[in-house]
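What follows is a short report on a single structure.
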Protein chains: 4
Amino acid sequence: MSHTGRERQKLLARVRRIRGQVESIERALSTESGCEQVMHLIAGARGAMAGLMAEVVQDHVRSHLVDVEKHPNALNTEAAEQLLDVIRTYLK
Amino acid sequence: MSHTGRERQKLLARVRRIRGQVESIERALSTESGCEQVMHLIAGARGAMAGLMAEVVQDHVRSHLVDVEKHPNALNTEAAEQLLDVIRTYLK
Amino acid sequence: MSHTGRERQKLLARVRRIRGQVESIERALSTESGCEQVMHLIAGARGAMAGLMAEVVQDHVRSHLVDVEKHPNALNTEAAEQLLDVIRTYLK
Amino acid sequence: MSHTGRERQKLLARVRRIRGQVESIERALSTESGCEQVMHLIAGARGAMAGLMAEVVQDHVRSHLVDVEKHPNALNTEAAEQLLDVIRTYLK
């Protein structure tokens, strides 16, 4: 991902948060926490994972479908945003 | 959707099949079929709906993100197919 | 589904609304509406289908996992509601 | 989760594998791997998370909806398995 440093930092922060959530699931299982708590922790981690995917897909659509240096203005940004709207509906 | 007639016929065939599946759910509920059957019919209709969405999204990515008449070769087709692979994973 | 008449009417109303939504998708495709509109209509119908499934699953969990006439009080209703909470997260 | 030690070990092995997958995503982002690889790693971790949830939900349905010591035979196991079939369709 030839992302700018700032974008990459944002994605890394997300993935580290997810790692923390997965470690919480592990702890909950180790300490025999209730099923309810385990299911909620998994649901939370899954939501965070979906959010990370949405972010990466967004970068991919905006930055990699068209090489903007070679083809400036070729990407129909309205059509791209419509696509991202739909994808976000599924990535929840 | 400025699709070719052939693409549109394919999408219309899909949506009509889904209509038939929704009518089956209606019939199953009316005739007090078992819960299991109703749940399976809904799961089937949902899968078909996901397949329809995948098809429409695919057309959108391939045909509308870049105006190929104005910008031939601007769409990175490899990047577009990678995106569609990921989207299909979620549209199941 | 040996549901009360009232529950069945509610489910039938939902499935008829979904049929209407599927017919809108068909019309949108027939009249060559824009991709954006088609994608939004499909996303809406899919959400409604998920809502129907959530409702049927809820009835199934509350009414069919335990035969309440033979085994009153056997279903741990708290555990059942926790399960439904999790299922609803996925049925969106 | 008052699971047997064996069940818990199986769940812990799953969650540790997921932690490894999340660490791979982190590494891929740090080393500026391609978008495609990052998206595939996230899709894999998401699938594994869904599998973990399916396993926990299954234990919950089979072990906690009915207190089998107090109410042996009260859980309609056929209805429970039908429910799990449907849930697995959504947890993919």
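Every chain in the structure tokens has a letter given in the order shown (A, B, ...), and although residue numbers restart at 1 in each chain, ligands are simply numbered from 1 in the order shown.
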
The coordinates of chain C, once least-squares superposed on chain D over all sequentially paired C-alpha atoms, should be supplied as a PDB file with C-alpha atoms, in the first residue's frame.
ATOM      1  CA  MET C   1     -18.287 -20.147  29.943  1.00  0.00           C
ATOM      2  CA  SER C   2     -18.490 -23.190  32.124  1.00  0.00           C
ATOM      3  CA  HIS C   3     -17.123 -25.306  29.338  1.00  0.00           C
ATOM      4  CA  THR C   4     -15.219 -28.475  29.672  1.00  0.00           C
ATOM      5  CA  GLY C   5     -11.472 -28.007  29.546  1.00  0.00           C
ATOM      6  CA  ARG C   6     -11.355 -29.569  26.118  1.00  0.00           C
ATOM      7  CA  GLU C   7     -13.842 -27.188  24.571  1.00  0.00           C
ATOM      8  CA  ARG C   8     -12.050 -24.237  26.119  1.00  0.00           C
ATOM      9  CA  GLN C   9      -8.716 -25.375  24.724  1.00  0.00           C
ATOM     10  CA  LYS C  10     -10.256 -25.566  21.255  1.00  0.00           C
ATOM     11  CA  LEU C  11     -11.644 -22.033  21.515  1.00  0.00           C
ATOM     12  CA  LEU C  12      -8.335 -20.720  22.866  1.00  0.00           C
ATOM     13  CA  ALA C  13      -6.460 -22.305  19.963  1.00  0.00           C
ATOM     14  CA  ARG C  14      -8.832 -20.541  17.558  1.00  0.00           C
ATOM     15  CA  VAL C  15      -8.447 -17.145  19.201  1.00  0.00           C
ATOM     16  CA  ARG C  16      -4.639 -17.481  19.265  1.00  0.00           C
ATOM     17  CA  ARG C  17      -4.661 -18.241  15.551  1.00  0.00           C
ATOM     18  CA  ILE C  18      -6.729 -15.090  15.023  1.00  0.00           C
ATOM     19  CA  ARG C  19      -4.212 -13.086  17.071  1.00  0.00           C
ATOM     20  CA  GLY C  20      -1.497 -14.373  14.709  1.00  0.00           C
ATOM     21  CA  GLN C  21      -3.574 -13.295  11.722  1.00  0.00           C
ATOM     22  CA  VAL C  22      -4.063  -9.812  13.169  1.00  0.00           C
ATOM     23  CA  GLU C  23      -0.315  -9.570  13.754  1.00  0.00           C
ATOM     24  CA  SER C  24       0.226 -10.475  10.082  1.00  0.00           C
ATOM     25  CA  ILE C  25      -2.059  -7.611   9.065  1.00  0.00           C
ATOM     26  CA  GLU C  26      -0.033  -5.286  11.289  1.00  0.00           C
ATOM     27  CA  ARG C  27       3.225  -6.496   9.714  1.00  0.00           C
ATOM     28  CA  ALA C  28       1.807  -6.150   6.206  1.00  0.00           C
ATOM     29  CA  LEU C  29       0.797  -2.551   6.922  1.00  0.00           C
ATOM     30  CA  SER C  30       4.163  -1.764   8.536  1.00  0.00           C
ATOM     31  CA  THR C  31       6.132  -3.112   5.610  1.00  0.00           C
ATOM     32  CA  GLU C  32       3.929  -1.407   3.049  1.00  0.00           C
ATOM     33  CA  SER C  33       2.759  -4.629   1.465  1.00  0.00           C
ATOM     34  CA  GLY C  34       0.336  -4.259  -1.430  1.00  0.00           C
ATOM     35  CA  CYS C  35      -3.294  -3.425  -0.853  1.00  0.00           C
ATOM     36  CA  GLU C  36      -4.331  -6.766  -2.292  1.00  0.00           C
ATOM     37  CA  GLN C  37      -2.353  -8.678   0.325  1.00  0.00           C
ATOM     38  CA  VAL C  38      -3.695  -6.528   3.144  1.00  0.00           C
ATOM     39  CA  MET C  39      -7.289  -7.001   1.966  1.00  0.00           C
ATOM     40  CA  HIS C  40      -6.827 -10.763   1.736  1.00  0.00           C
ATOM     41  CA  LEU C  41      -5.296 -10.958   5.211  1.00  0.00           C
ATOM     42  CA  ILE C  42      -8.205  -8.973   6.665  1.00  0.00           C
ATOM     43  CA  ALA C  43     -10.727 -11.189   4.829  1.00  0.00           C
ATOM     44  CA  GLY C  44      -9.000 -14.256   6.296  1.00  0.00           C
ATOM     45  CA  ALA C  45      -8.989 -12.891   9.845  1.00  0.00           C
ATOM     46  CA  ARG C  46     -12.627 -11.928   9.494  1.00  0.00           C
ATOM     47  CA  GLY C  47     -13.536 -15.452   8.356  1.00  0.00           C
ATOM     48  CA  ALA C  48     -11.658 -16.920  11.332  1.00  0.00           C
ATOM     49  CA  MET C  49     -13.463 -14.527  13.684  1.00  0.00           C
ATOM     50  CA  ALA C  50     -16.815 -15.613  12.212  1.00  0.00           C
ATOM     51  CA  GLY C  51     -15.800 -19.240  12.769  1.00  0.00           C
ATOM     52  CA  LEU C  52     -14.958 -18.502  16.404  1.00  0.00           C
ATOM     53  CA  MET C  53     -18.305 -16.786  16.915  1.00  0.00           C
ATOM     54  CA  ALA C  54     -20.123 -19.742  15.312  1.00  0.00           C
ATOM     55  CA  GLU C  55     -18.348 -22.091  17.736  1.00  0.00           C
ATOM     56  CA  VAL C  56     -19.187 -19.990  20.807  1.00  0.00           C
ATOM     57  CA  VAL C  57     -22.816 -19.554  19.720  1.00  0.00           C
ATOM     58  CA  GLN C  58     -23.049 -23.301  19.189  1.00  0.00           C
ATOM     59  CA  ASP C  59     -21.801 -23.983  22.727  1.00  0.00           C
ATOM     60  CA  HIS C  60     -24.197 -21.377  24.046  1.00  0.00           C
ATOM     61  CA  VAL C  61     -27.211 -22.924  22.291  1.00  0.00           C
ATOM     62  CA  ARG C  62     -26.324 -26.484  23.214  1.00  0.00           C
ATOM     63  CA  SER C  63     -25.224 -25.848  26.804  1.00  0.00           C
ATOM     64  CA  HIS C  64     -26.807 -22.713  28.193  1.00  0.00           C
ATOM     65  CA  LEU C  65     -30.297 -22.238  26.798  1.00  0.00           C
ATOM     66  CA  VAL C  66     -31.534 -25.043  29.001  1.00  0.00           C
ATOM     67  CA  ASP C  67     -30.041 -26.190  32.274  1.00  0.00           C
ATOM     68  CA  VAL C  68     -29.781 -29.870  31.388  1.00  0.00           C
ATOM     69  CA  GLU C  69     -29.336 -30.969  34.975  1.00  0.00           C
ATOM     70  CA  LYS C  70     -32.620 -29.434  36.049  1.00  0.00           C
ATOM     71  CA  HIS C  71     -34.488 -30.010  32.799  1.00  0.00           C
ATOM     72  CA  PRO C  72     -33.074 -33.017  30.972  1.00  0.00           C
ATOM     73  CA  ASN C  73     -34.632 -33.516  27.519  1.00  0.00           C
ATOM     74  CA  ALA C  74     -36.319 -30.112  27.549  1.00  0.00           C
ATOM     75  CA  LEU C  75     -34.216 -28.733  24.683  1.00  0.00           C
ATOM     76  CA  ASN C  76     -35.649 -29.704  21.310  1.00  0.00           C
ATOM     77  CA  THR C  77     -32.302 -30.682  19.817  1.00  0.00           C
ATOM     78  CA  GLU C  78     -33.680 -30.841  16.269  1.00  0.00           C
ATOM     79  CA  ALA C  79     -34.965 -27.259  16.525  1.00  0.00           C
ATOM     80  CA  ALA C  80     -31.632 -26.215  18.066  1.00  0.00           C
ATOM     81  CA  GLU C  81     -29.644 -27.741  15.187  1.00  0.00           C
ATOM     82  CA  GLN C  82     -31.933 -26.039  12.620  1.00  0.00           C
ATOM     83  CA  LEU C  83     -31.213 -22.751  14.311  1.00  0.00           C
ATOM     84  CA  LEU C  84     -27.462 -23.397  14.248  1.00  0.00           C
ATOM     85  CA  ASP C  85     -27.652 -24.273  10.532  1.00  0.00           C
ATOM     86  CA  VAL C  86     -29.185 -20.882   9.811  1.00  0.00           C
ATOM     87  CA  ILE C  87     -26.754 -19.023  12.061  1.00  0.00           C
ATOM     88  CA  ARG C  88     -23.785 -20.669  10.324  1.00  0.00           C
ATOM     89  CA  THR C  89     -25.067 -19.350   6.972  1.00  0.00           C
ATOM     90  CA  TYR C  90     -24.742 -15.831   8.339  1.00  0.00           C
ATOM     91  CA  LEU C  91     -21.481 -16.406  10.177  1.00  0.00           C
ATOM     92  CA  LYS C  92     -19.333 -16.830   7.106  1.00  0.00           C
TER      93      LYS C  92
END

- Message: I need the residues of chain A that end up classed as helix (DSSP H, G or I) by DSSP on the backbone, written out as JSON, numbers by chain.
- Response: {"A": [5, 6, 7, 8, 9, 10, 11, 12, 13, 14, 15, 16, 17, 18, 19, 20, 21, 22, 23, 24, 25, 26, 27, 28, 29, 30, 35, 36, 37, 38, 39, 40, 41, 42, 43, 44, 45, 46, 47, 48, 49, 50, 51, 52, 53, 54, 55, 56, 57, 58, 59, 60, 61, 62, 63, 64, 77, 78, 79, 80, 81, 82, 83, 84, 85, 86, 87, 88, 89, 90]}

Filtering to C-alpha atoms, could you give me those residues as an mmCIF file, in the first residue's frame?
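result-v4.cif, freshly written:
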data_model
loop_
_atom_site.group_PDB
_atom_site.id
_atom_site.type_symbol
_atom_site.label_atom_id
_atom_site.label_comp_id
_atom_site.auth_asym_id
_atom_site.auth_seq_id
_atom_site.Cartn_x
_atom_site.Cartn_y
_atom_site.Cartn_z
ATOM 1 C CA GLY A 5 2.598 8.021 6.187
ATOM 2 C CA ARG A 6 -0.447 9.538 7.827
ATOM 3 C CA GLU A 7 -2.918 7.087 6.315
ATOM 4 C CA ARG A 8 -0.682 4.188 7.271
ATOM 5 C CA GLN A 9 -0.461 5.401 10.872
ATOM 6 C CA LYS A 10 -4.253 5.525 11.030
ATOM 7 C CA LEU A 11 -4.593 1.970 9.718
ATOM 8 C CA LEU A 12 -1.884 0.730 12.092
ATOM 9 C CA ALA A 13 -3.682 2.332 15.033
ATOM 10 C CA ARG A 14 -6.850 0.489 13.998
ATOM 11 C CA VAL A 15 -5.164 -2.876 13.668
ATOM 12 C CA ARG A 16 -3.422 -2.485 17.047
ATOM 13 C CA ARG A 17 -6.764 -1.752 18.655
ATOM 14 C CA ILE A 18 -8.099 -4.953 17.086
ATOM 15 C CA ARG A 19 -5.129 -6.889 18.456
ATOM 16 C CA GLY A 20 -6.037 -5.567 21.918
ATOM 17 C CA GLN A 21 -9.641 -6.720 21.388
ATOM 18 C CA VAL A 22 -8.504 -10.201 20.344
ATOM 19 C CA GLU A 23 -6.306 -10.374 23.449
ATOM 20 C CA SER A 24 -9.379 -9.493 25.548
ATOM 21 C CA ILE A 25 -11.258 -12.413 23.994
ATOM 22 C CA GLU A 26 -8.329 -14.666 24.845
ATOM 23 C CA ARG A 27 -8.305 -13.427 28.451
ATOM 24 C CA ALA A 28 -12.076 -13.839 28.730
ATOM 25 C CA LEU A 29 -11.826 -17.434 27.539
ATOM 26 C CA SER A 30 -8.880 -18.162 29.868
ATOM 27 C CA CYS A 35 -20.642 -16.728 27.310
ATOM 28 C CA GLU A 36 -22.422 -13.418 26.986
ATOM 29 C CA GLN A 37 -19.242 -11.441 27.601
ATOM 30 C CA VAL A 38 -17.266 -13.580 25.163
ATOM 31 C CA MET A 39 -19.931 -13.185 22.444
ATOM 32 C CA HIS A 40 -19.982 -9.417 22.927
ATOM 33 C CA LEU A 41 -16.199 -9.153 22.765
ATOM 34 C CA ILE A 42 -16.158 -11.174 19.540
ATOM 35 C CA ALA A 43 -18.947 -9.027 18.065
ATOM 36 C CA GLY A 44 -16.922 -5.914 18.940
ATOM 37 C CA ALA A 45 -13.720 -7.231 17.375
ATOM 38 C CA ARG A 46 -15.634 -8.273 14.284
ATOM 39 C CA GLY A 47 -17.114 -4.769 13.941
ATOM 40 C CA ALA A 48 -13.650 -3.241 14.280
ATOM 41 C CA MET A 49 -12.306 -5.636 11.643
ATOM 42 C CA ALA A 50 -15.117 -4.629 9.288
ATOM 43 C CA GLY A 51 -14.229 -0.980 9.906
ATOM 44 C CA LEU A 52 -10.584 -1.669 9.057
ATOM 45 C CA MET A 53 -11.602 -3.432 5.843
ATOM 46 C CA ALA A 54 -13.881 -0.524 4.900
ATOM 47 C CA GLU A 55 -10.967 1.872 5.383
ATOM 48 C CA VAL A 56 -8.552 -0.202 3.290
ATOM 49 C CA VAL A 57 -11.131 -0.713 0.530
ATOM 50 C CA GLN A 58 -11.760 3.031 0.515
ATOM 51 C CA ASP A 59 -8.064 3.757 0.066
ATOM 52 C CA HIS A 60 -7.907 1.111 -2.644
ATOM 53 C CA VAL A 61 -10.841 2.581 -4.581
ATOM 54 C CA ARG A 62 -9.667 6.168 -4.244
ATOM 55 C CA SER A 63 -5.957 5.592 -4.849
ATOM 56 C CA HIS A 64 -5.349 2.427 -6.838
ATOM 57 C CA THR A 77 -15.447 10.244 -8.140
ATOM 58 C CA GLU A 78 -19.231 10.345 -7.794
ATOM 59 C CA ALA A 79 -19.520 6.743 -9.026
ATOM 60 C CA ALA A 80 -16.645 5.769 -6.707
ATOM 61 C CA GLU A 81 -18.351 7.312 -3.671
ATOM 62 C CA GLN A 82 -21.648 5.558 -4.554
ATOM 63 C CA LEU A 83 -19.758 2.277 -4.618
ATOM 64 C CA LEU A 84 -18.147 3.007 -1.242
ATOM 65 C CA ASP A 85 -21.575 3.838 0.233
ATOM 66 C CA VAL A 86 -22.852 0.420 -0.781
ATOM 67 C CA ILE A 87 -19.728 -1.385 0.418
ATOM 68 C CA ARG A 88 -19.975 0.284 3.832
ATOM 69 C CA THR A 89 -23.538 -1.082 4.190
ATOM 70 C CA TYR A 90 -22.122 -4.574 3.898
#
